[in-house]
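Next up, input21.json (JSON, C-alpha atoms and all ligand atoms):
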```
[["chain", "number", "residue", "atom", "x", "y", "z"],
["N", 710, "MET", "CA", 9.35, 5.87, -9.53],
["N", 711, "SER", "CA", 8.15, 3.47, -6.91],
["N", 712, "ILE", "CA", 5.21, 2.48, -4.80],
["N", 713, "ALA", "CA", 5.86, 1.56, -1.17],
["N", 714, "ILE", "CA", 3.78, -1.26, 0.31],
["N", 715, "ILE", "CA", 3.96, -1.55, 4.08],
["N", 716, "THR", "CA", 2.17, -4.38, 5.83],
["N", 717, "ALA", "CA", 1.40, -4.55, 9.55],
["N", 718, "PRO", "CA", 2.13, -7.35, 12.01],
["N", 719, "ASN", "CA", -0.66, -9.92, 11.71],
["N", 720, "GLY", "CA", -2.26, -7.83, 9.00],
["N", 721, "LEU", "CA", -3.45, -11.02, 7.33],
["N", 722, "VAL", "CA", -5.10, -13.85, 9.22],
["N", 723, "ASP", "CA", -2.98, -17.02, 9.12],
["N", 724, "GLN", "CA", -0.15, -15.04, 7.57],
["N", 725, "PRO", "CA", 2.08, -13.83, 10.39],
["N", 726, "ALA", "CA", 4.62, -11.98, 8.28],
["N", 727, "GLY", "CA", 3.99, -10.09, 5.11],
["N", 728, "LEU", "CA", 2.14, -11.00, 1.96],
["N", 729, "PRO", "CA", 1.87, -14.38, 0.22],
["N", 730, "ARG", "CA", 4.60, -14.89, -2.35],
["N", 731, "GLU", "CA", 2.13, -15.10, -5.26],
["N", 732, "VAL", "CA", 0.62, -11.75, -4.30],
["N", 733, "VAL", "CA", 4.07, -10.15, -4.18],
["N", 734, "SER", "CA", 4.72, -11.56, -7.68],
["N", 735, "GLN", "CA", 1.46, -10.06, -8.94],
["N", 736, "LEU", "CA", 2.37, -6.69, -7.45],
["N", 737, "VAL", "CA", 5.88, -6.69, -8.90],
["N", 738, "GLU", "CA", 4.64, -7.77, -12.33],
["N", 739, "ARG", "CA", 1.80, -5.27, -12.48],
["N", 740, "ALA", "CA", 4.04, -2.38, -11.42],
["N", 741, "ALA", "CA", 6.73, -3.41, -13.93],
["N", 742, "GLN", "CA", 4.15, -3.42, -16.75],
["N", 743, "ALA", "CA", 3.53, 0.20, -15.87],
["N", 744, "GLY", "CA", 7.24, 1.01, -15.69],
["N", 745, "ARG", "CA", 7.29, 1.31, -11.94],
["N", 746, "THR", "CA", 8.64, -0.67, -9.03],
["N", 747, "VAL", "CA", 7.14, -1.78, -5.74],
["N", 748, "ALA", "CA", 9.04, -1.93, -2.47],
["N", 749, "VAL", "CA", 7.26, -4.33, -0.11],
["N", 750, "ARG", "CA", 8.11, -4.12, 3.59],
["N", 751, "ALA", "CA", 6.60, -6.63, 6.01],
["N", 752, "CYS", "CA", 6.72, -5.01, 9.44],
["N", 753, "SER", "CA", 6.65, -6.94, 12.66],
["N", 754, "SER", "CA", 5.66, -4.03, 14.92],
["N", 755, "ALA", "CA", 3.94, -0.65, 14.78],
["N", 756, "THR", "CA", 7.31, 0.98, 15.50],
["N", 757, "GLU", "CA", 8.71, -0.66, 12.42],
["N", 758, "VAL", "CA", 5.78, 0.67, 10.36],
["N", 759, "VAL", "CA", 6.55, 4.19, 11.59],
["N", 760, "ASP", "CA", 10.28, 3.74, 10.85],
["N", 761, "CYS", "CA", 9.49, 2.49, 7.36],
["N", 762, "LEU", "CA", 7.24, 5.47, 6.70],
["N", 763, "ARG", "CA", 9.94, 7.89, 7.87],
["N", 764, "GLN", "CA", 12.47, 6.29, 5.55],
["N", 765, "LEU", "CA", 10.23, 7.05, 2.57],
["N", 766, "ASN", "CA", 11.07, 10.73, 2.81],
["N", 767, "GLY", "CA", 13.08, 11.81, -0.18],
["N", 768, "ASN", "CA", 13.70, 8.29, -1.50],
["N", 769, "GLY", "CA", 11.64, 8.62, -4.69],
["N", 770, "THR", "CA", 8.50, 6.94, -3.36],
["N", 771, "GLU", "CA", 5.48, 8.31, -5.18],
["N", 772, "PHE", "CA", 2.64, 6.46, -3.54],
["N", 773, "VAL", "CA", 2.15, 4.51, -0.31],
["N", 774, "LEU", "CA", -0.06, 1.50, 0.41],
["N", 775, "PHE", "CA", -0.04, 0.67, 4.09],
["N", 776, "ASP", "CA", -1.78, -1.30, 6.80],
["N", 777, "PRO", "CA", -1.61, 0.56, 10.13],
["N", 778, "GLY", "CA", -2.41, -2.60, 12.13],
["N", 779, "ALA", "CA", -4.92, -3.19, 14.88],
["N", 780, "HIS", "CA", -3.87, -0.98, 17.78],
["N", 781, "SER", "CA", -5.74, 2.32, 17.79],
["N", 782, "LEU", "CA", -2.89, 4.29, 19.41],
["N", 783, "SER", "CA", -0.33, 3.19, 16.90],
["N", 784, "ARG", "CA", -2.88, 3.68, 14.13],
["N", 785, "SER", "CA", -3.17, 7.36, 14.91],
["N", 786, "ALA", "CA", 0.63, 7.71, 15.18],
["N", 787, "ILE", "CA", 0.96, 5.99, 11.82],
["N", 788, "GLY", "CA", -1.79, 8.16, 10.34],
["N", 789, "ALA", "CA", 0.08, 11.27, 11.49],
["N", 790, "CYS", "CA", 3.28, 9.92, 9.99],
["N", 791, "VAL", "CA", 1.61, 9.32, 6.61],
["N", 792, "SER", "CA", 0.13, 12.80, 6.74],
["N", 793, "ARG", "CA", 3.56, 14.31, 7.34],
["N", 794, "LEU", "CA", 4.98, 12.38, 4.41],
["N", 795, "GLY", "CA", 2.68, 14.29, 2.08],
["N", 796, "LYS", "CA", 2.49, 11.50, -0.49],
["N", 797, "PRO", "CA", -0.72, 10.03, -1.89],
["N", 798, "SER", "CA", -1.69, 6.94, 0.07],
["N", 799, "ILE", "CA", -4.21, 4.17, 0.46],
["N", 800, "GLU", "CA", -4.86, 2.38, 3.74],
["N", 801, "VAL", "CA", -5.31, -1.36, 3.17],
["N", 802, "HIS", "CA", -6.96, -3.74, 5.63],
["N", 803, "ALA", "CA", -7.30, -7.43, 5.02],
["N", 804, "GLY", "CA", -10.56, -7.63, 6.91],
["N", 805, "PRO", "CA", -13.44, -5.23, 7.47],
["N", 806, "CYS", "CA", -12.17, -2.34, 9.53],
["N", 807, "PRO", "CA", -14.59, -0.24, 11.56],
["N", 808, "ALA", "CA", -12.23, 2.62, 12.49],
["N", 809, "VAL", "CA", -11.09, 4.77, 9.63],
["N", 810, "GLU", "CA", -8.82, 7.35, 11.21],
["N", 811, "ILE", "CA", -7.12, 7.75, 7.88],
["N", 812, "SER", "CA", -9.97, 9.87, 6.57],
["N", 813, "SER", "CA", -8.18, 12.67, 8.41],
["N", 814, "VAL", "CA", -4.88, 11.93, 6.68],
["N", 815, "ALA", "CA", -3.80, 14.50, 4.13],
["N", 816, "ASP", "CA", -3.41, 13.13, 0.61],
["N", 817, "SER", "CA", -5.29, 9.93, 1.45],
["N", 818, "ILE", "CA", -6.98, 8.57, -1.65],
["N", 819, "SER", "CA", -8.98, 5.72, -0.22],
["N", 820, "VAL", "CA", -9.34, 2.87, 2.25],
["N", 821, "ILE", "CA", -9.59, -0.72, 1.03],
["N", 822, "ASP", "CA", -10.83, -3.34, 3.43],
["N", 823, "GLY", "CA", -12.13, -6.87, 3.32],
["N", 824, "TYR", "CA", -10.24, -8.21, 0.30],
["N", 825, "GLY", "CA", -7.42, -9.96, 2.14],
["N", 826, "ALA", "CA", -4.03, -9.81, 0.44],
["N", 827, "GLN", "CA", -5.76, -8.99, -2.86],
["N", 828, "GLY", "CA", -6.55, -5.59, -1.35],
["N", 829, "TYR", "CA", -2.94, -4.66, -2.13],
["N", 830, "VAL", "CA", -3.37, -5.66, -5.77],
["N", 831, "LEU", "CA", -6.49, -3.52, -5.96],
["N", 832, "GLY", "CA", -4.64, -0.70, -4.19],
["N", 833, "LEU", "CA", -1.79, -0.91, -6.66],
["N", 834, "SER", "CA", -4.23, -0.62, -9.60],
["N", 835, "ILE", "CA", -5.70, 2.51, -8.05],
["N", 836, "ALA", "CA", -2.22, 3.89, -7.37],
["N", 837, "LEU", "CA", -1.08, 3.29, -10.95],
["N", 838, "GLU", "CA", -4.20, 4.87, -12.32],
["N", 839, "TYR", "CA", -3.73, 7.81, -9.98],
["N", 840, "LEU", "CA", -0.14, 8.19, -11.13],
["N", 841, "GLY", "CA", -1.34, 8.24, -14.71],
["N", 842, "ASP", "CA", 0.06, 4.93, -15.86],
["N", 843, "ALA", "CA", -3.13, 3.08, -16.68],
["N", 844, "GLU", "CA", -3.51, 4.85, -19.99],
["N", 845, "CYS", "CA", 0.09, 4.16, -20.97],
["N", 846, "GLU", "CA", -0.32, 0.48, -20.08],
["N", 847, "ASN", "CA", -3.33, 0.16, -22.35],
["N", 848, "ARG", "CA", -1.26, 1.14, -25.34],
["N", 849, "ILE", "CA", 0.44, -2.25, -25.20],
["N", 850, "HIS", "CA", -1.67, -4.91, -26.85],
["N", 851, "VAL", "CA", -0.80, -8.57, -26.86],
["N", 852, "GLY", "CA", -2.66, -10.80, -29.30],
["N", 853, "THR", "CA", -5.57, -9.49, -31.33],
["L", 901, "LIG", "O1", -7.91, -6.13, 8.51],
["L", 901, "LIG", "C1", -7.23, -6.06, 9.50],
["L", 901, "LIG", "C2", -7.81, -6.08, 10.81],
["L", 901, "LIG", "C3", -7.33, -4.95, 11.66],
["L", 901, "LIG", "O2", -7.76, -3.74, 11.12],
["L", 901, "LIG", "C4", -7.90, -5.06, 13.07],
["L", 901, "LIG", "O3", -8.52, -4.10, 13.50],
["L", 901, "LIG", "O4", -7.70, -6.08, 13.69],
["L", 901, "LIG", "C5", -5.83, -4.98, 11.72],
["L", 901, "LIG", "C6", -5.25, -4.82, 10.35],
["L", 901, "LIG", "O5", -3.84, -4.94, 10.43],
["L", 901, "LIG", "C7", -5.76, -5.90, 9.43],
["L", 901, "LIG", "O6", -5.39, -5.64, 8.12]]
```
If you took the structure in this file and wrote it as structure tokens, what would it be?
Amino acid sequence: MSIAIITAPNGLVDQPAGLPREVVSQLVERAAQAGRTVAVRACSSATEVVDCLRQLNGNGTEFVLFDPGAHSLSRSAIGACVSRLGKPSIEVHAGPCPAVEISSVADSISVIDGYGAQGYVLGLSIALEYLGDAECENRIHVGT
């Protein structure tokens, strides 16, 4: 029932750990509207990202948004880890990212880069649509 969001160390400029509080609120609210939950993990090292990904096995996570960080070696290790998970995923980068190793990751839906923390909000919309919730959400009308 849930979407895992894993951020990398220094994934956002001027934001050493994790996502801004208002972005987390947007993510939680948007997922809740669609009857889902988000689990946001701010990692402080590539090892932690890998550990987080491993913990997603069999815990009900349906979709993964993740930032593999800057280091190319750890990026490929993280890419392999996501591939092994076998869950649909989107790689999110705050800034433009030249290397897209994730294109080789099984079940990868997309790569989002250059939208800062809002990239996760965009990623969540894509994830919810992919999981088939967008239609259900549109059945709720507030106002006219
Ligand atoms: O957008 C970026 C830049 C980056 O990809 C880099 O190569 O430095 C590292 C990512 O963690 C971050 O999200």
key: Selected residue of minimal separation from ligand LIG 901 (chain L) among N:Ile715, N:Ala803, N:Ala755, N:Val737, counting all atoms listed in the file   =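 Counting all atoms listed in the file, the residue closest to ligand LIG 901 (chain L) is N:Ala803.
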key: N:Val759, N:Leu831, N:Ile787, N:Leu837 ranked by distance to Gln735 in chain N, top pick (using only C-alpha atoms)   =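 Among the listed residues, N:Leu831 lies closest to Gln735 in chain N.
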Hey, could you make a per-residue contact list for chain N against ligand LIG 901 (chain L) with 6 Å as the cut-off, showing the nearest pair of atoms and its distance in Å to one decimal, counting all atoms listed in the file, sorted by chain and number, as CSV?
```
residue,atom,partner,partner_atom,distance
N:Ala717,CA,L:LIG901,O5,5.3
N:Gly720,CA,L:LIG901,O5,3.6
N:Leu721,CA,L:LIG901,O6,5.8
N:Asp776,CA,L:LIG901,O5,5.5
N:Pro777,CA,L:LIG901,O5,5.9
N:Gly778,CA,L:LIG901,O5,3.2
N:Ala779,CA,L:LIG901,C5,3.7
N:His802,CA,L:LIG901,O6,3.5
N:Ala803,CA,L:LIG901,O1,3.8
N:Gly804,CA,L:LIG901,O1,3.4
N:Pro805,CA,L:LIG901,O1,5.7
N:Cys806,CA,L:LIG901,O2,4.9
```
request  = Work out how far apart CA of Ala815 in chain N and CA of Glu757 in chain N are and give it in Å to one decimal.
outcome  =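 A separation of 21.3 Å between them.
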query = Quick one: distance from CA of Gly727 in chain N to CA of Val749 in chain N in Å, one decimal?
reply =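 That distance, rounded to one decimal, is 8.4 Å.
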message = What's around Met710 in chain N at 7 Å? Count all atoms listed in the file, leave out sequence neighbours fewer than 4 positions away in its own chain, and write the answer as a ChimeraX atom specification.
response = /N:745-746,769-771
For those residues, write C-alpha atoms to a file as a PDB file, keeping the file's coordinate frame.
```
ATOM      1  CA  ARG N 745       7.290   1.310 -11.940  1.00  0.00           C
ATOM      2  CA  THR N 746       8.640  -0.670  -9.030  1.00  0.00           C
ATOM      3  CA  GLY N 769      11.640   8.620  -4.690  1.00  0.00           C
ATOM      4  CA  THR N 770       8.500   6.940  -3.360  1.00  0.00           C
ATOM      5  CA  GLU N 771       5.480   8.310  -5.180  1.00  0.00           C
TER       6      GLU N 771
END
```
ask   = Which is closer to Cys761 in chain N than all the others in N:Ala713, N:Leu736, N:Leu833, N:Val747, using only C-alpha atoms?
value = N:Ala713
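Of the residues under consideration (N:Ala743, N:Gly767, N:Lys796, N:Leu782), N:Ala743 shows the shortest atom-to-atom contact distance to Gly841 in chain N when counting only C-alpha atoms.
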Residues near Asp816 in chain N, cut-off 10 Å, all atoms listed in the file, skip fewer than 5 positions along chain, as a short mmCIF file (atom, residue, chain, number, x, y, z; two decimals) with C-alpha atoms, keeping the file's coordinate frame:
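File part02.cif, as written:
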```
data_model
loop_
_atom_site.label_atom_id
_atom_site.label_comp_id
_atom_site.auth_asym_id
_atom_site.auth_seq_id
_atom_site.Cartn_x
_atom_site.Cartn_y
_atom_site.Cartn_z
CA PHE N 772 2.64 6.46 -3.54
CA VAL N 791 1.61 9.32 6.61
CA SER N 792 0.13 12.80 6.74
CA ARG N 793 3.56 14.31 7.34
CA LEU N 794 4.98 12.38 4.41
CA GLY N 795 2.68 14.29 2.08
CA LYS N 796 2.49 11.50 -0.49
CA PRO N 797 -0.72 10.03 -1.89
CA SER N 798 -1.69 6.94 0.07
CA ILE N 799 -4.21 4.17 0.46
CA ILE N 811 -7.12 7.75 7.88
#
```
Separation of CA of Ala740 in chain N from CA of Ala786 in chain N in Å = 28.7 Å
Given 6 Å on each side, where is the centre and what are the edge lengths in Å to one decimal of the axis-aligned box enclosing the listed atoms of range 787-806 of chain N, as lines of an AutoDock Vina configuration file?
```
center_x = -4.2
center_y = 3.3
center_z = 5.0
size_x = 30.4
size_y = 33.9
size_z = 25.7
```
message = I'd like to know which of N:Tyr824, N:Pro718, N:His780, N:Glu731 is closest to Ser754 in chain N, using all atoms listed in the file.
response =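 With all atoms listed in the file as the atom set, the closest residue is N:Pro718.
Remark: for Val732 in chain N, the closest of the candidate residues N:Val820, N:Ile714, N:Leu840, N:Leu765 is N:Ile714 (distances computed over all atoms listed in the file).
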Can you complete the atoms of range 813-846 of chain N to N, CA and C atoms and list them as a compact mmCIF listing (two decimals), in the frame of the given file?
```txt
# COMPACT_ATOMS: atom_id res chain seq x y z
N SER N 813 -8.74 11.36 8.04
CA SER N 813 -8.18 12.67 8.41
C SER N 813 -6.76 12.85 7.89
N VAL N 814 -6.26 11.84 7.18
CA VAL N 814 -4.88 11.93 6.68
C VAL N 814 -4.84 12.72 5.38
N ALA N 815 -3.96 13.70 5.35
CA ALA N 815 -3.80 14.50 4.13
C ALA N 815 -3.35 13.60 3.00
N ASP N 816 -3.81 13.86 1.81
CA ASP N 816 -3.41 13.13 0.61
C ASP N 816 -3.88 11.67 0.58
N SER N 817 -4.77 11.30 1.48
CA SER N 817 -5.29 9.93 1.45
C SER N 817 -6.29 9.80 0.31
N ILE N 818 -6.11 8.76 -0.50
CA ILE N 818 -6.98 8.57 -1.65
C ILE N 818 -8.18 7.72 -1.25
N SER N 819 -7.91 6.66 -0.47
CA SER N 819 -8.98 5.72 -0.22
C SER N 819 -8.61 4.76 0.91
N VAL N 820 -9.59 3.97 1.33
CA VAL N 820 -9.34 2.87 2.25
C VAL N 820 -9.91 1.62 1.60
N ILE N 821 -9.12 0.54 1.59
CA ILE N 821 -9.59 -0.72 1.03
C ILE N 821 -9.65 -1.70 2.18
N ASP N 822 -10.80 -2.29 2.40
CA ASP N 822 -10.83 -3.34 3.43
C ASP N 822 -11.69 -4.51 3.02
N GLY N 823 -11.32 -5.67 3.52
CA GLY N 823 -12.13 -6.87 3.32
C GLY N 823 -11.72 -7.73 2.13
N TYR N 824 -10.65 -7.41 1.47
CA TYR N 824 -10.24 -8.21 0.30
C TYR N 824 -9.00 -9.05 0.57
N GLY N 825 -8.61 -9.18 1.82
CA GLY N 825 -7.42 -9.96 2.14
C GLY N 825 -6.20 -9.38 1.44
N ALA N 826 -5.27 -10.26 1.08
CA ALA N 826 -4.03 -9.81 0.44
C ALA N 826 -4.31 -9.17 -0.92
N GLN N 827 -5.42 -9.57 -1.54
CA GLN N 827 -5.76 -8.99 -2.86
C GLN N 827 -6.07 -7.50 -2.75
N GLY N 828 -6.33 -7.02 -1.54
CA GLY N 828 -6.55 -5.59 -1.35
C GLY N 828 -5.35 -4.78 -1.81
N TYR N 829 -4.15 -5.38 -1.69
CA TYR N 829 -2.94 -4.66 -2.13
C TYR N 829 -2.86 -4.60 -3.65
N VAL N 830 -3.37 -5.64 -4.30
CA VAL N 830 -3.37 -5.66 -5.77
C VAL N 830 -4.35 -4.59 -6.27
N LEU N 831 -5.51 -4.55 -5.62
CA LEU N 831 -6.49 -3.52 -5.96
C LEU N 831 -5.91 -2.12 -5.70
N GLY N 832 -5.26 -1.98 -4.55
CA GLY N 832 -4.64 -0.70 -4.19
C GLY N 832 -3.60 -0.27 -5.20
N LEU N 833 -2.82 -1.24 -5.68
CA LEU N 833 -1.79 -0.91 -6.66
C LEU N 833 -2.43 -0.42 -7.96
N SER N 834 -3.53 -1.07 -8.38
CA SER N 834 -4.23 -0.62 -9.60
C SER N 834 -4.67 0.82 -9.45
N ILE N 835 -5.23 1.13 -8.28
CA ILE N 835 -5.70 2.51 -8.05
C ILE N 835 -4.51 3.47 -8.06
N ALA N 836 -3.42 3.04 -7.43
CA ALA N 836 -2.22 3.89 -7.37
C ALA N 836 -1.69 4.16 -8.77
N LEU N 837 -1.61 3.12 -9.60
CA LEU N 837 -1.08 3.29 -10.95
C LEU N 837 -1.98 4.20 -11.77
N GLU N 838 -3.27 4.01 -11.60
CA GLU N 838 -4.20 4.87 -12.32
C GLU N 838 -4.03 6.32 -11.86
N TYR N 839 -3.91 6.47 -10.56
CA TYR N 839 -3.73 7.81 -9.98
C TYR N 839 -2.46 8.45 -10.54
N LEU N 840 -1.43 7.66 -10.66
CA LEU N 840 -0.14 8.19 -11.13
C LEU N 840 -0.12 8.35 -12.65
N GLY N 841 -1.23 7.97 -13.28
CA GLY N 841 -1.34 8.24 -14.71
C GLY N 841 -0.75 7.19 -15.61
N ASP N 842 -0.56 5.98 -15.06
CA ASP N 842 0.06 4.93 -15.86
C ASP N 842 -0.95 4.05 -16.58
N ALA N 843 -2.16 4.03 -16.13
CA ALA N 843 -3.13 3.08 -16.68
C ALA N 843 -3.27 3.27 -18.18
N GLU N 844 -3.34 4.52 -18.57
CA GLU N 844 -3.51 4.85 -19.99
C GLU N 844 -2.33 4.34 -20.81
N CYS N 845 -1.15 4.58 -20.29
CA CYS N 845 0.09 4.16 -20.97
C CYS N 845 0.13 2.64 -21.11
N GLU N 846 -0.31 1.94 -20.06
CA GLU N 846 -0.32 0.48 -20.08
C GLU N 846 -1.23 -0.05 -21.18
```
